[in-house]
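Let me begin by presenting the structure, written as structure tokens, before commenting on it.
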Amino acid sequence: MSYNNTLRQLYTDQLEEIRGKGIFKEERFIHSTQAADIEVEFPTGSSLQKVINMCANNYLGLSSHPDVIKAAHEGLDVRGYGMSSVRFICGTQDIHRELEQKVTEFLGTEDTILFPSCMDANAGVFEAVLSNEDVMISDRLVHASIIDGIRLCSANHDTFKHSNMEHLESKLQLHDDKRIKLVITDGVFSMDGDLARLDEMVALCEKYDAMLFVDDSHASGFIGKTGRGTHEHCGVLGKIDIITTTFGKALGGASGGCVSGRKELVEMCRQKARPYLFSNTIAPVVVSGVLKVLDILSGSTERRDKLEKNTIYWRKGLTEAGFILKEGDSPIVPVMLFNAKLSQDVSRDLYNEGIYAIGFFFPVVPNGQARIRTQISAGHEIHHLDKALEAFIRVGKKHGILGLSKQEIIARYGL
Amino acid sequence: MEDLKDIVLQYVIEEYMEDEDDEITFDTPLISGGYVDSFSMVSLLVFLEKKFNIKIPEDRATPEAFDTVHSIVALVQEYIKE
């Protein structure tokens with residue numbers, strides 16, 4: 001069938017429907033490197049605007065760090081641009097294995113396997129280690145990539161209420177007849193910024209002979225005293241059976257991800273995980289950059305310490321100004337607005353004030369929980385945070401929401 | 001079939017409601033209203049099948065059929081009768 005007018009109209013209608021629902025996604029073109037200060041073309045064709053970036057996953061400010069760029073250049077010069085192969089044919093260089101060993105050491109696990117992205121790691125890991133005799137029990141707020149991975153796996157699945165340990169325990173009891181029970185959670189939840197209760201989850205998994213999976217993409221490099229992740233923060237280093245994480249956020253921000261954990265499970269991924277088997281190896285330039293990132297983080301906690309201080313400063317400022325925040329210790333700081341249109345209006349007004357922060361609403365977050373998700377970076381200086389705070393206060397005053405309770409905001413704007 | 005309605009409503013409240021402010025009725029749109037995500041619906045399906053000793057085919061266990069307690073009850077009744 002050719003792409004005729006009927007088909008064109010079919011897709012045009014579907015796109016219009018997305019627009020009509022107010023969930024059409026538009027890209028904003030950044031004309032600078034990724035950093036606290038960026039230059040943005042938005043709407044497309046307009047002149048560049050200098051804004052402070054409050055929505056990047058660049059938690060440690062390493063995305064454009066000169067030492068990382070230098071290491072990436074060296075990797076490019078010495079190991080070339082691409083490998084033109086999957087890992088197991090002729091796509092594995094010495095530096096790929098070196099990075100796997102460095103990540104293993106950094107996360108305190110037994111072994112690691114690289115994937116083109118953490119999305120790919122999550123898509124491949126469950127089917128590689130589970131079968132239809134098993135069950136996956138996942139937190140209801142896990143990342144979309146985990147849900148896709150679960151859908152691709154033949155094992156049974158069930159869910160438990162977000163961070164609700166009693167509910168998780170009841171599910172572990174309910175599925176006690178299964179061969180393997182795998183409990184699945186994010187380390188830091190990307191929309192709420194709260195941390196999984198991994199110490200309690202490890203205890204429950206030990207009690208019911210279950211395995212534990214943690215996606216630590218929003219934690220690796222900065223959560224925990226030395227930045228190892230949520231498992232370090234919760235005092236359960238070495239007790240997580242499977243950790244997946246990304247190099248596309250704090251760890252340099254380019255791309256790539258991994259599965260790290262029990263060596264037999266990692267080996268199963270090497271034998272069976274389809275995104276590993278059928279997708280290209282990570283480019284040498286990226287591997288070289290991540291190796292440098294891990295060197296920097298292993299040598300000093302300076303950047304994660306600065307991020308922690310920045311986060312405390314930002315949370316305190318917003319709270320004192322009268323905004324409602326989601327509780328948490330991570331640099332993901334959601335400013336709750338509840339009403340979807342209000343979240344879009346506030347985001348637009350902030351942009352006009354030189355602050356780049358995105359509003360999220362249903363279906364990305366639960367209905368009636370629209371918000372501006374701010375993300376703090378070690379690349380922010382206090383003057384960035386002060387300027388952003390002043391803008392938030394001006395916009396908050398404009399909409400009359402400062403000091404209002406959840407009920408008062410809903411009464412004024414609706415859900 | 002008041003009992004059936006009450007059993008399903010009670011299960012939905014206990015299994016899915018997170019926010020104490022949320023009040024749901026037999027007609028509350030659970031999935032399209034954002035109270036229950038379709039991915040988590042599987043536990044309700046397993047509960048119904050075990051509780052009423054029925055088997056609901058995959059192609060009938062749609063987000064639409066599971067959107068309200070009323071529609072869930074209607075679906076369950078079809079299979080109880082068989």
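If you're wondering about the labels, chains in the structure tokens are A, B, ... by order shown, residues count from 1 in each chain, ligands from 1 in order shown.
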Requested in this report: For Pro334 in chain A, please output as a count of residues only all residues within 12 Å (counting only C-alpha atoms; exclusion window: fewer than 3 positions along the same chain).
Outcome: 39
Would you give me, as a tab-separated table, each residue of chain B having an atom within 10 Å of an atom of chain A, along with its shortest atom pair and that distance in Å to one decimal, using only C-alpha atoms and sorting by chain and residue number?
```
residue	atom	partner	partner_atom	distance
B:Glu14	CA	A:His167	CA	9.7
B:Glu15	CA	A:Lys161	CA	7.7
B:Tyr16	CA	A:Lys161	CA	7.0
B:Met17	CA	A:Lys161	CA	8.5
B:Glu18	CA	A:Lys161	CA	7.2
B:Ser32	CA	A:Pro363	CA	9.4
B:Gly33	CA	A:Asn367	CA	6.9
B:Gly34	CA	A:Asn367	CA	5.1
B:Tyr35	CA	A:Pro366	CA	7.3
B:Val36	CA	A:Pro366	CA	9.0
B:Asp37	CA	A:Arg140	CA	8.4
B:Phe39	CA	A:Ile147	CA	7.9
B:Ser40	CA	A:Thr159	CA	5.9
B:Met41	CA	A:Asp158	CA	8.7
B:Val42	CA	A:Asp158	CA	6.6
B:Ser43	CA	A:Asp158	CA	6.0
B:Leu44	CA	A:Asp158	CA	9.8
B:Val46	CA	A:Asp158	CA	9.5
```
**Report entry** Selected residue of minimal separation from Ile54 in chain B among B:Asp3, B:Asp27, B:Glu78, B:Asp22, counting only C-alpha atoms
**Finding:**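 For Ile54 in chain B, the nearest of the given residues is B:Glu78.
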Requested in this report: Do a neighbour search on Val290 in chain A at 9 Å with only C-alpha atoms, toss out local chain neighbours closer than 6 positions, and write the hits as a PyMOL selection string.
Outcome: chain A and resi 68+71-72+99+247+251-254
Query raised in the report: Residues of range 86-306 of chain A in alpha helix (DSSP H) according to DSSP, as a VMD selection string?
Result: chain A and resid 94 to 107 118 to 129 144 to 151 165 to 174 198 to 207 230 to 233 263 to 272 274 to 277 284 to 299 302 to 306
Query raised in the report: How many Å lie between CA of Tyr413 in chain A and CA of Gly400 in chain A, rounded to one decimal?
Result: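 If I compute the distance from CA of Tyr413 in chain A to CA of Gly400 in chain A, I get 10.5 Å.
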Query - All residues 10 Å or closer to range 121-133 of chain A, only C-alpha atoms, same chain fewer than 3 positions away omitted, as an MDAnalysis selection string - result: chainID A and resid 113:118 136 143:157 177:182 213 215 242:246 256:260 264:277
Query raised in the report: What separation in Å, quoted to one decimal, exists between CA of Ala203 in chain A and CA of Lys225 in chain A?
Result: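 Between these atoms lies a distance of 21.6 Å.
Minimum atom-to-atom distances from A:Ile184, A:Cys205, A:Leu307, A:Ala196 to Phe222 in chain A were compared using only C-alpha atoms, and the lowest value belongs to A:Leu307.
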Report task. Mind giving me the straight-line distance from CA of Lys306 in chain A to CA of Gly61 in chain A in Å, one decimal? Result ->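 About the pair CA of Lys306 in chain A and CA of Gly61 in chain A: they are 10.4 Å apart.
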Report task. Pick out the residues sitting within 9 Å of Asp349 in chain A, and hand them over as a list in words; count only C-alpha atoms, and ignore anything fewer than 5 positions along from it in its own chain. Result ->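 Everything that qualifies: Gln344, Gly354, Ile355, Ala391 and Val395 of chain A.
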Query - Of the listed residues B:Phe52, B:Tyr11, B:Phe47, B:Phe26, that which approaches Asp67 in chain B most closely, counting only C-alpha atoms - result: B:Phe26
**Report entry** DSSP strand (DSSP E or B) selection over range 99-308 of chain A, as a ChimeraX atom specification
**Finding:** /A:111-115,135-139,156-160,181-186,188,195,211-215,242-246,257-261,280
Query raised in the report: Neighbours of Ala74 in chain B within 10 Å (only C-alpha atoms; same-chain residues fewer than 5 positions away dropped), as a ChimeraX atom specification?
Result: /B:4-5,65-66,68-69,79
Query raised in the report: Out of A:Val287, A:Ile18, A:Met165, A:Ile382, which residue has the shortest atom-to-atom distance to Gly248 in chain A when counting only C-alpha atoms?
Result: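 Looking only at the distances to Gly248 in chain A, the closest residue turns out to be A:Val287.
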